[in-house]
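Undergrad: Please find model_3.pdb (PDB, C-alpha atoms) on the next line:
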ATOM      1  CA  GLN A 752      84.156 122.691  98.661  1.00  0.00           C
ATOM      2  CA  VAL A 753      87.259 120.529  98.886  1.00  0.00           C
ATOM      3  CA  ARG A 754      86.662 116.827  98.415  1.00  0.00           C
ATOM      4  CA  LEU A 755      89.197 114.095  99.074  1.00  0.00           C
ATOM      5  CA  VAL A 756      88.949 110.497  97.903  1.00  0.00           C
ATOM      6  CA  GLU A 757      91.548 107.929  98.948  1.00  0.00           C
ATOM      7  CA  SER A 758      92.371 104.713  97.136  1.00  0.00           C
ATOM      8  CA  GLY A 759      95.019 102.029  97.134  1.00  0.00           C
ATOM      9  CA  GLY A 760      94.657 100.380 100.508  1.00  0.00           C
ATOM     10  CA  GLY A 761      94.757  96.621 100.957  1.00  0.00           C
ATOM     11  CA  SER A 762      96.456  93.713 102.652  1.00  0.00           C
ATOM     12  CA  VAL A 763     100.126  92.888 102.365  1.00  0.00           C
ATOM     13  CA  GLN A 764     102.720  90.838 104.179  1.00  0.00           C
ATOM     14  CA  ALA A 765     105.409  92.442 106.274  1.00  0.00           C
ATOM     15  CA  GLY A 766     108.165  93.831 104.081  1.00  0.00           C
ATOM     16  CA  GLY A 767     105.780  94.515 101.244  1.00  0.00           C
ATOM     17  CA  SER A 768     104.689  97.767  99.644  1.00  0.00           C
ATOM     18  CA  LEU A 769     101.495  99.669  98.991  1.00  0.00           C
ATOM     19  CA  ARG A 770     100.755 102.975  97.320  1.00  0.00           C
ATOM     20  CA  LEU A 771      97.927 105.176  98.510  1.00  0.00           C
ATOM     21  CA  SER A 772      96.469 107.961  96.422  1.00  0.00           C
ATOM     22  CA  CYS A 773      94.301 110.912  97.330  1.00  0.00           C
ATOM     23  CA  ALA A 774      92.316 112.631  94.598  1.00  0.00           C
ATOM     24  CA  VAL A 775      91.593 116.257  95.430  1.00  0.00           C
ATOM     25  CA  SER A 776      88.743 118.256  93.937  1.00  0.00           C
ATOM     26  CA  GLY A 777      87.870 121.872  94.623  1.00  0.00           C
ATOM     27  CA  ARG A 778      91.468 122.692  95.597  1.00  0.00           C
ATOM     28  CA  THR A 779      91.932 126.228  96.949  1.00  0.00           C
ATOM     29  CA  ALA A 780      94.251 128.058  99.317  1.00  0.00           C
ATOM     30  CA  SER A 781      92.286 126.415 102.115  1.00  0.00           C
ATOM     31  CA  SER A 782      93.790 123.105 101.005  1.00  0.00           C
ATOM     32  CA  ALA A 783      97.382 124.221 100.446  1.00  0.00           C
ATOM     33  CA  ALA A 784      98.760 121.626 102.840  1.00  0.00           C
ATOM     34  CA  MET A 785      98.062 117.938 102.387  1.00  0.00           C
ATOM     35  CA  GLY A 786      98.589 115.324 105.039  1.00  0.00           C
ATOM     36  CA  TRP A 787      98.259 111.621 105.640  1.00  0.00           C
ATOM     37  CA  PHE A 788      97.154 110.413 109.047  1.00  0.00           C
ATOM     38  CA  ARG A 789      96.346 106.957 110.333  1.00  0.00           C
ATOM     39  CA  LEU A 790      94.136 105.470 112.987  1.00  0.00           C
ATOM     40  CA  ALA A 791      94.821 102.050 114.458  1.00  0.00           C
ATOM     41  CA  PRO A 792      92.458 100.179 116.795  1.00  0.00           C
ATOM     42  CA  GLY A 793      92.878 101.347 120.368  1.00  0.00           C
ATOM     43  CA  LYS A 794      95.241 104.135 119.400  1.00  0.00           C
ATOM     44  CA  GLU A 795      94.968 107.852 118.798  1.00  0.00           C
ATOM     45  CA  ARG A 796      95.116 109.345 115.331  1.00  0.00           C
ATOM     46  CA  GLU A 797      98.726 109.609 114.223  1.00  0.00           C
ATOM     47  CA  PHE A 798     100.431 111.935 111.762  1.00  0.00           C
ATOM     48  CA  VAL A 799     102.208 110.094 108.951  1.00  0.00           C
ATOM     49  CA  ALA A 800     103.363 112.597 106.333  1.00  0.00           C
ATOM     50  CA  ALA A 801     102.558 115.991 104.826  1.00  0.00           C
ATOM     51  CA  ILE A 802     103.376 117.990 101.725  1.00  0.00           C
ATOM     52  CA  THR A 803     102.549 121.474 100.460  1.00  0.00           C
ATOM     53  CA  TRP A 804     101.281 122.132  96.961  1.00  0.00           C
ATOM     54  CA  THR A 805     103.362 125.252  96.348  1.00  0.00           C
ATOM     55  CA  THR A 806     106.813 124.464  97.740  1.00  0.00           C
ATOM     56  CA  GLY A 807     106.618 120.687  97.764  1.00  0.00           C
ATOM     57  CA  ASN A 808     108.177 120.624 101.225  1.00  0.00           C
ATOM     58  CA  LYS A 809     107.719 117.227 102.836  1.00  0.00           C
ATOM     59  CA  TYR A 810     107.360 116.200 106.459  1.00  0.00           C
ATOM     60  CA  TYR A 811     107.389 112.723 107.981  1.00  0.00           C
ATOM     61  CA  ALA A 812     106.725 111.057 111.277  1.00  0.00           C
ATOM     62  CA  ASP A 813     109.831 109.419 112.688  1.00  0.00           C
ATOM     63  CA  SER A 814     108.085 106.045 112.591  1.00  0.00           C
ATOM     64  CA  VAL A 815     107.848 106.095 108.788  1.00  0.00           C
ATOM     65  CA  LYS A 816     110.891 108.134 107.801  1.00  0.00           C
ATOM     66  CA  GLY A 817     112.993 106.259 105.260  1.00  0.00           C
ATOM     67  CA  ARG A 818     110.158 103.842 104.436  1.00  0.00           C
ATOM     68  CA  PHE A 819     107.323 106.081 103.255  1.00  0.00           C
ATOM     69  CA  THR A 820     107.436 108.754 100.564  1.00  0.00           C
ATOM     70  CA  ILE A 821     104.807 111.421 100.018  1.00  0.00           C
ATOM     71  CA  SER A 822     104.471 113.040  96.606  1.00  0.00           C
ATOM     72  CA  LYS A 823     102.121 115.249  94.659  1.00  0.00           C
ATOM     73  CA  ASP A 824     100.991 115.708  91.093  1.00  0.00           C
ATOM     74  CA  ASN A 825      99.800 119.279  90.614  1.00  0.00           C
ATOM     75  CA  ALA A 826      98.392 118.587  87.165  1.00  0.00           C
ATOM     76  CA  LYS A 827      96.308 115.644  88.347  1.00  0.00           C
ATOM     77  CA  ASN A 828      95.507 117.131  91.765  1.00  0.00           C
ATOM     78  CA  THR A 829      96.597 113.978  93.516  1.00  0.00           C
ATOM     79  CA  VAL A 830      98.764 113.273  96.527  1.00  0.00           C
ATOM     80  CA  SER A 831     100.305 109.833  96.947  1.00  0.00           C
ATOM     81  CA  LEU A 832     101.916 107.908  99.755  1.00  0.00           C
ATOM     82  CA  GLN A 833     104.353 105.185  98.725  1.00  0.00           C
ATOM     83  CA  MET A 834     104.781 102.789 101.613  1.00  0.00           C
ATOM     84  CA  ASN A 835     107.699 100.363 101.525  1.00  0.00           C
ATOM     85  CA  SER A 836     109.073  97.902 104.059  1.00  0.00           C
ATOM     86  CA  LEU A 837     105.695  97.743 105.712  1.00  0.00           C
ATOM     87  CA  LYS A 838     105.437  96.450 109.256  1.00  0.00           C
ATOM     88  CA  PRO A 839     102.476  94.983 111.156  1.00  0.00           C
ATOM     89  CA  GLU A 840     102.413  98.143 113.260  1.00  0.00           C
ATOM     90  CA  ASP A 841     101.588 100.131 110.119  1.00  0.00           C
ATOM     91  CA  THR A 842      98.176  98.467 110.094  1.00  0.00           C
ATOM     92  CA  ALA A 843      95.551 101.214 110.310  1.00  0.00           C
ATOM     93  CA  ILE A 844      92.965 103.184 108.425  1.00  0.00           C
ATOM     94  CA  TYR A 845      94.809 105.856 106.492  1.00  0.00           C
ATOM     95  CA  TYR A 846      93.193 109.236 105.946  1.00  0.00           C
ATOM     96  CA  CYS A 847      94.055 111.980 103.519  1.00  0.00           C
ATOM     97  CA  ALA A 848      93.581 115.509 104.869  1.00  0.00           C
ATOM     98  CA  ALA A 849      93.766 119.052 103.498  1.00  0.00           C
ATOM     99  CA  GLY A 850      94.093 122.405 105.175  1.00  0.00           C
ATOM    100  CA  PRO A 851      95.613 125.868 105.006  1.00  0.00           C
ATOM    101  CA  ASP A 852      99.382 126.080 104.818  1.00  0.00           C
ATOM    102  CA  ARG A 853     101.451 126.794 107.910  1.00  0.00           C
ATOM    103  CA  PRO A 854     101.307 130.431 109.052  1.00  0.00           C
ATOM    104  CA  PHE A 855     104.735 132.018 108.878  1.00  0.00           C
ATOM    105  CA  THR A 856     105.145 132.254 112.633  1.00  0.00           C
ATOM    106  CA  TYR A 857     104.254 128.603 113.282  1.00  0.00           C
ATOM    107  CA  SER A 858     106.750 125.775 113.522  1.00  0.00           C
ATOM    108  CA  VAL A 859     106.644 122.746 111.235  1.00  0.00           C
ATOM    109  CA  SER A 860     104.842 120.853 113.976  1.00  0.00           C
ATOM    110  CA  TYR A 861     101.789 122.617 112.586  1.00  0.00           C
ATOM    111  CA  TYR A 862     101.615 119.905 109.934  1.00  0.00           C
ATOM    112  CA  TYR A 863     101.602 117.134 112.526  1.00  0.00           C
ATOM    113  CA  THR A 864      98.350 118.292 114.121  1.00  0.00           C
ATOM    114  CA  GLY A 865      95.145 116.905 112.689  1.00  0.00           C
ATOM    115  CA  GLY A 866      93.167 119.857 114.009  1.00  0.00           C
ATOM    116  CA  ASN A 867      94.894 122.129 111.484  1.00  0.00           C
ATOM    117  CA  TYR A 868      93.323 120.244 108.587  1.00  0.00           C
ATOM    118  CA  ASP A 869      89.776 121.155 107.596  1.00  0.00           C
ATOM    119  CA  TYR A 870      88.975 118.466 105.060  1.00  0.00           C
ATOM    120  CA  TRP A 871      89.238 114.702 105.373  1.00  0.00           C
ATOM    121  CA  GLY A 872      88.732 111.724 103.129  1.00  0.00           C
ATOM    122  CA  GLN A 873      86.755 108.627 104.018  1.00  0.00           C
ATOM    123  CA  GLY A 874      89.851 106.575 104.798  1.00  0.00           C
ATOM    124  CA  THR A 875      91.366 103.428 103.326  1.00  0.00           C
ATOM    125  CA  GLN A 876      92.338 100.297 105.245  1.00  0.00           C
ATOM    126  CA  VAL A 877      95.925  99.080 105.241  1.00  0.00           C
ATOM    127  CA  THR A 878      96.585  95.687 106.819  1.00  0.00           C
ATOM    128  CA  VAL A 879     100.079  94.294 107.217  1.00  0.00           C
ATOM    129  CA  SER A 880     100.427  90.688 108.331  1.00  0.00           C
ATOM    130  CA  SER A 881     103.504  89.167 109.899  1.00  0.00           C
TER     131      SER A 881
END
Output the file's structure in the form of structure tokens.
TA:
Amino acid sequence: QVRLVESGGGSVQAGGSLRLSCAVSGRTASSAAMGWFRLAPGKEREFVAAITWTTGNKYYADSVKGRFTISKDNAKNTVSLQMNSLKPEDTAIYYCAAGPDRPFTYSVSYYYTGGNYDYWGQGTQVTVSS
């Protein structure tokens, strides 16, 4: 059973930084892809970033590209999201997710779809004030 536990959320002023971490236990091939998603009040769940354990390939939503960096530590079984230049519109609950890696015939948009991830953390609140 894959278990995900997020940490590192909090409140920060616009322009500030936060680092989220996701501790992964029970990692298997069913959790080869790791993603971060966020849910803001009144909005649909939104893809933020993804990374694969084996290749380390990274994927970002356009809204965070250049500001957020996803990384992994295979030895510690953790995935992190460094968030810089935060904006009020980044305010949301951030969720870590794990799922099987992209099938060969699928496009990279596979990683952007929450339905392709089988395991989810409890979420951590990020609040950015102006």
Undergrad: Taking (99.3, 90.2, 107.8) in the file's coordinates as the center, which residues reach within 7 Å of it, counting all atoms listed in the file, put as a short mmCIF file (atom, residue, chain, number, x, y, z; two decimals) with C-alpha atoms, in the coordinates of the input?
TA:
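Below is the file that was written, point03.cif:
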data_model
loop_
_atom_site.label_atom_id
_atom_site.label_comp_id
_atom_site.auth_asym_id
_atom_site.auth_seq_id
_atom_site.Cartn_x
_atom_site.Cartn_y
_atom_site.Cartn_z
CA SER A 762 96.46 93.71 102.65
CA VAL A 763 100.13 92.89 102.36
CA GLN A 764 102.72 90.84 104.18
CA ALA A 765 105.41 92.44 106.27
CA PRO A 839 102.48 94.98 111.16
CA THR A 878 96.58 95.69 106.82
CA VAL A 879 100.08 94.29 107.22
CA SER A 880 100.43 90.69 108.33
CA SER A 881 103.50 89.17 109.90
#
Undergrad: Using only C-alpha atoms, pick whichever of A:Ile844, A:Ala849, A:Ala826, A:Val815 has the shortest atom-to-atom distance to Pro792 (chain A).
TA: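 Ranked by minimum distance to Pro792 (chain A), first place goes to A:Ile844.
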Undergrad: Carefully work through the PyMOL selection byres ((chain A and resi 795-798) around 9) for this structure and note down the residues it includes, as JSON, numbers by chain.
TA: {"A": [786, 787, 788, 789, 790, 791, 792, 793, 794, 799, 800, 801, 811, 812, 862, 863, 864, 865]}
Undergrad: Between CA of Gly872 (chain A) and CA of Ser772 (chain A), what distance in Å does the model show, to one decimal?
TA: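 Interatomic distance, CA of Gly872 (chain A) to CA of Ser772 (chain A): 10.9 Å.
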Undergrad: Is it possible to get the axis-aligned box enclosing region 844-862 of chain A (all listed atoms, 8 Å extra per side) as lines of an AutoDock Vina configuration file, with centre and edge lengths in Å rounded to one decimal?
TA:
center_x = 99.9
center_y = 117.7
center_z = 108.7
size_x = 29.8
size_y = 45.1
size_z = 26.5
Undergrad: List the spatial neighbours of region 803-808 of chain A as an NGL selection string - criterion: any atom at most 9 Å away, all atoms listed in the file, same-chain residues fewer than 6 positions off excluded.
TA: :A and (782-786 or 822-825 or 852)
Undergrad: Just how far from CA of Thr779 (chain A) is CA of Thr856 (chain A), in Å to one decimal?
TA: 21.4 Å
Undergrad: State, in Å with one decimal place, the distance from CA of Lys838 (chain A) to CA of Lys809 (chain A).
TA: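 Spanning CA of Lys838 (chain A) to CA of Lys809 (chain A) is a straight-line distance of 21.9 Å.
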Undergrad: Once the PyMOL selection byres ((chain A and resi 818) around 9) has been evaluated on this model, what residues remain selected, and can you format them as a PyMOL selection string?
TA: chain A and resi 814-817+819-820+833-837
Undergrad: Which one of A:Asn828, A:Gln873, A:Gln752, A:Asn867 sits closest to Gly850 (chain A) if you count all atoms listed in the file?
TA: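 Nearest to Gly850 (chain A): A:Asn867.
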Undergrad: Please write as a count of residues only the full residue list that the PyMOL selection byres ((chain A and resi 756-760) around 7) yields on this file.
TA: 16
Undergrad: Using only C-alpha atoms, find the one residue out of A:Ser858, A:Ser768, A:Ser776, A:Thr842 that sits nearest to Trp871 (chain A).
TA: A:Ser776
Undergrad: Return the single residue from A:Leu832, A:Ala843, A:Ile821, A:Ile802 that is closest to Tyr861 (chain A), with distances computed using only C-alpha atoms.
TA: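 When distances to Tyr861 (chain A) are compared using only C-alpha atoms, the smallest one comes from A:Ile802.
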